[in-house]
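K.L.:
Sharing a structure here in structure tokens format.
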Amino acid sequence: MSDQIMRKVEKPYLRDDIPDFKAGDTLKVSYKIIEGEKTRVQQYQGICIARDGSGTGATFTVRKIASGNIGVEQIFPLHSPLITNIEVLRRGRVRRAKLYFLRHKIGKAARIKELRTTKGKAKS
Amino acid sequence: MLGLLGKKIGMTTIFTEEGTEQPVTVIQAGPCTVIQVKTNEHDGYSSIQLGYDSIPPKLVNKPMMGHFKNAGVKPFRKLREFRLEELSKDLTPGKVLKVEDVFSEGDKIDLTGTSKGKGFSGVVKRFNFKGGPKSHGQKDKHRSAGSIGASSLPSRVFKGLKMPGHQGNKTITIKGLRILKIIPEDNLILVKGSVAGPRGSYLVIKKQFS
């Protein structure tokens, strides 16, 4: 009963334009930054290492190696209206849901194999 | 100061128009039925008694049933009086008050509920004491309170000293919470922040003086 009410409350805040992606995929996230009066769109590209939560509180973590070989992770609220676009650049073949082990891998070891789909049958 | 009775449904996140996340508690407020109107002339003070959450008549004892019969309403689980300085004419027994009759978006409210009971708990959990050292030969004092006072002077333990005891299951009022959104069709209000008590517990919602 209360679960139904919660779902109903959350519904108007849930976005339906989010592409299907999971941990291991390489994403390009465009999100709005508000600086006083001005707003601009910034892009952030990296590997999604985790998806967390459910409902309006769902988040995903994107990790990239910034200049100077420093690992940077950003956690985005999945349904935030500030996210203008999520583009899936590459699908990764991974065997777990949370790729926190990537934090301890450097350089070539931190690569993820691309998910190859069988001919003619593109994975949706 | 009019208010309503309600039930805590749960917590979630909503987004504002600017895109920021807001933590909200979803509360089912009302609909409440006026059961009794107390007037200055008759009772010495003026208030209305509201009922919330209707129950089958077999759960109600005879004295209470008579009280509900007088008002001409079905029985309710929770009754509560709200003091009112001025009684408006349309508040008569049997009138149903809904969320939108009492509250509007942006209102500040006080929420009273019963906190989750934690049982008999020690000082580390109850008062955030640090406990004792974890190593270096320590034994039996990892979560102890330490000293509770000096020796011969004062030869007693001061009153009100923080010691282990029952925690939770107390009436807690949180003041000044803001209503971010009202959903009239489901009698829901979304309040910024958290409220005492588990999901499904009863709450008293009072409008704050503005």
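Chains: A, B, ... in order of the structure tokens. Residues: from 1 per chain. Ligands: from 1, in order shown.
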Which neighbours of Ile179 (chain B) fall inside 10 Å, counting only C-alpha atoms, when residues of the same chain fewer than 2 positions from it are skipped, and could you give them as a list in words?

P.N.:
Val24, Thr25, Phe103, Ser104, Glu105, Gly106, Asp107, Lys108, Ile109, Gly176, Leu177, Lys181, Ile182, Ile189, Leu190, Val191, Lys192 and Gly193 of chain B

K.L.:
May I have the residues of chain A within 8 Å of chain B, counting only C-alpha atoms, written as a PyMOL selection string?

P.N.:
chain A and resi 2+5-6+10+13+56-57+80-82

K.L.:
Filtering to N, CA and C atoms, could you give me those residues as a tab-separated table (two decimals), in the first residue's frame?

P.N.:
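part_15.tsv, freshly written:
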```tsv
chain	number	residue	atom	x	y	z
A	2	SER	N	1.75	1.34	1.00
A	2	SER	CA	2.59	2.54	1.05
A	2	SER	C	3.60	2.54	-0.10
A	5	ILE	N	1.97	4.11	-2.99
A	5	ILE	CA	1.91	5.56	-2.85
A	5	ILE	C	3.26	6.18	-3.18
A	6	MET	N	4.33	5.54	-2.66
A	6	MET	CA	5.66	6.07	-2.92
A	6	MET	C	5.96	6.10	-4.42
A	10	GLU	N	6.81	9.39	-6.72
A	10	GLU	CA	8.08	9.54	-7.44
A	10	GLU	C	7.89	9.66	-8.94
A	13	TYR	N	8.81	12.57	-11.25
A	13	TYR	CA	10.21	12.97	-11.24
A	13	TYR	C	11.10	12.00	-11.99
A	56	THR	N	13.65	7.73	-7.52
A	56	THR	CA	14.25	9.03	-7.83
A	56	THR	C	15.65	9.16	-7.26
A	57	GLY	N	15.99	8.33	-6.29
A	57	GLY	CA	17.30	8.43	-5.66
A	57	GLY	C	18.39	7.65	-6.38
A	80	SER	N	18.24	13.31	-12.49
A	80	SER	CA	18.40	14.75	-12.31
A	80	SER	C	18.03	15.51	-13.59
A	81	PRO	N	17.23	16.58	-13.46
A	81	PRO	CA	16.92	17.38	-14.64
A	81	PRO	C	18.12	18.15	-15.17
A	82	LEU	N	19.20	18.18	-14.41
A	82	LEU	CA	20.40	18.88	-14.86
A	82	LEU	C	21.17	18.08	-15.91
```

K.L.:
Within 12 Å of Glu81 (chain B), counting only C-alpha atoms, which residues qualify if same-chain residues fewer than 2 places away don't, as a ChimeraX atom specification?

P.N.:
/B:1-5,32-38,45-52,78-79,83-84,204-206

K.L.:
So that I can check the surroundings of Lys89 (chain B), please list as a list in words every protein, DNA and RNA residue that reaches within 12 Å of it, counting only C-alpha atoms and ignoring chain neighbours fewer than 3 positions away.

P.N.:
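My list of contacting residues is Val37, Thr39, Ile48, Glu86, Thr92, Pro93 and Lys95 of chain B.
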
K.L.:
Using DSSP assignments from the backbone, pull out every residue in region 11-152 of chain B that falls under helix (DSSP H, G or I) and give it to me as a list in words.

P.N.:
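Here is the list: Asn40, Glu41, His42, Asp43, Pro57, Lys58, Leu59, Lys62, Pro63, Met64, Met65, Gly66, His67, Phe68, Lys69, Asn70, Ala71, Val99, Glu100, Asp101, Val102, Val123, Val124, Lys125, Arg126 and Phe127 of chain B.
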
K.L.:
Keeping only C-alpha atoms, take the residues you just selected and write them out as a compact mmCIF listing (two decimals), in the first residue's frame.

P.N.:
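Result saved to result_33.txt:
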```txt
# COMPACT_ATOMS: atom_id res chain seq x y z
CA ASN B 40 -15.55 28.98 25.37
CA GLU B 41 -19.02 29.21 26.87
CA HIS B 42 -19.54 25.51 27.30
CA ASP B 43 -16.08 24.10 27.99
CA PRO B 57 -17.31 -0.63 14.95
CA LYS B 58 -16.47 -3.97 16.60
CA LEU B 59 -13.09 -2.56 17.66
CA LYS B 62 -19.33 1.28 24.22
CA PRO B 63 -18.36 4.61 25.84
CA MET B 64 -16.33 5.55 22.75
CA MET B 65 -19.13 4.38 20.46
CA GLY B 66 -21.49 6.74 22.25
CA HIS B 67 -19.05 9.58 21.67
CA PHE B 68 -18.98 8.82 17.95
CA LYS B 69 -22.78 8.45 17.88
CA ASN B 70 -23.19 11.92 19.35
CA ALA B 71 -21.22 13.33 16.48
CA VAL B 99 -5.29 18.56 3.16
CA GLU B 100 -6.08 21.44 0.85
CA ASP B 101 -8.53 22.93 3.37
CA VAL B 102 -5.80 23.33 5.97
CA VAL B 123 25.88 5.61 26.56
CA VAL B 124 27.79 5.10 23.30
CA LYS B 125 24.56 4.66 21.36
CA ARG B 126 22.38 6.89 23.52
CA PHE B 127 24.55 9.94 24.08
```

K.L.:
Residues near Phe60 (chain A), anyone? I mean within 12 Å using only C-alpha atoms, not counting same-chain ones fewer than 4 positions away, as a CSV table (one decimal) with C-alpha atoms, in the first residue's frame.

P.N.:
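The resulting file, around_13.csv, is shown below:
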```csv
chain,number,residue,atom,x,y,z
A,18,ILE,CA,17.5,7.5,-20.0
A,21,PHE,CA,23.4,1.1,-19.8
A,22,LYS,CA,25.2,-0.7,-17.1
A,23,ALA,CA,28.5,-1.0,-15.3
A,24,GLY,CA,31.4,-1.3,-17.8
A,25,ASP,CA,29.9,0.9,-20.4
A,27,LEU,CA,29.4,7.0,-21.2
A,29,VAL,CA,27.3,12.6,-19.8
A,46,GLY,CA,34.4,7.8,-18.6
A,47,ILE,CA,33.5,4.3,-17.6
A,48,CYS,CA,30.4,3.7,-15.6
A,49,ILE,CA,31.6,1.6,-12.6
A,50,ALA,CA,28.4,1.3,-10.6
A,51,ARG,CA,24.7,1.9,-10.7
A,52,ASP,CA,23.1,2.4,-7.3
A,53,GLY,CA,19.7,2.9,-5.8
A,54,SER,CA,16.2,2.9,-7.1
A,73,GLU,CA,34.9,9.7,-10.1
A,74,GLN,CA,31.7,11.5,-10.4
A,75,ILE,CA,28.4,10.4,-9.0
A,76,PHE,CA,25.3,11.6,-11.0
A,77,PRO,CA,21.7,11.4,-9.9
A,78,LEU,CA,20.2,9.3,-12.7
A,79,HIS,CA,16.9,11.3,-12.9
A,80,SER,CA,18.4,14.8,-12.3
A,86,ILE,CA,23.7,10.4,-21.6
A,97,ALA,CA,27.8,-5.1,-11.2
A,98,LYS,CA,30.3,-2.9,-9.3
A,99,LEU,CA,33.7,-2.3,-10.9
```

K.L.:
If we count only C-alpha atoms, what is near region 109-119 of chain A at a cut-off of 8 Å, once residues fewer than 6 positions away on the same chain are taken out, given as a PyMOL selection string?

P.N.:
chain A and resi 24+90-94+102

K.L.:
How would the residues just picked look written out with C-alpha atoms as a short mmCIF file (atom, residue, chain, number, x, y, z; two decimals), in the first residue's frame?

P.N.:
```cif
data_model
loop_
_atom_site.label_atom_id
_atom_site.label_comp_id
_atom_site.auth_asym_id
_atom_site.auth_seq_id
_atom_site.Cartn_x
_atom_site.Cartn_y
_atom_site.Cartn_z
CA GLY A 24 31.38 -1.34 -17.77
CA ARG A 90 30.88 1.61 -25.97
CA ARG A 91 29.45 -1.41 -24.23
CA GLY A 92 31.81 -3.31 -21.99
CA ARG A 93 31.95 -7.02 -21.25
CA VAL A 94 32.13 -7.29 -17.47
CA LEU A 102 39.29 -0.60 -11.42
#
```

K.L.:
Which of these, B:His136, B:Arg80, B:Lys74, B:Lys130, has the shortest distance to Leu203 (chain B) once you count only C-alpha atoms?

P.N.:
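Checking each candidate against Leu203 (chain B), we get B:Arg80 as the closest.
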
K.L.:
If you run DSSP on the backbone here, which positions in chain B get strand (DSSP E)? Please write them as a ChimeraX atom specification.

P.N.:
/B:3-15,21-29,32-38,47-54,76-83,96-97,108-114,119-121,165-167,171-183,188-192,202-207
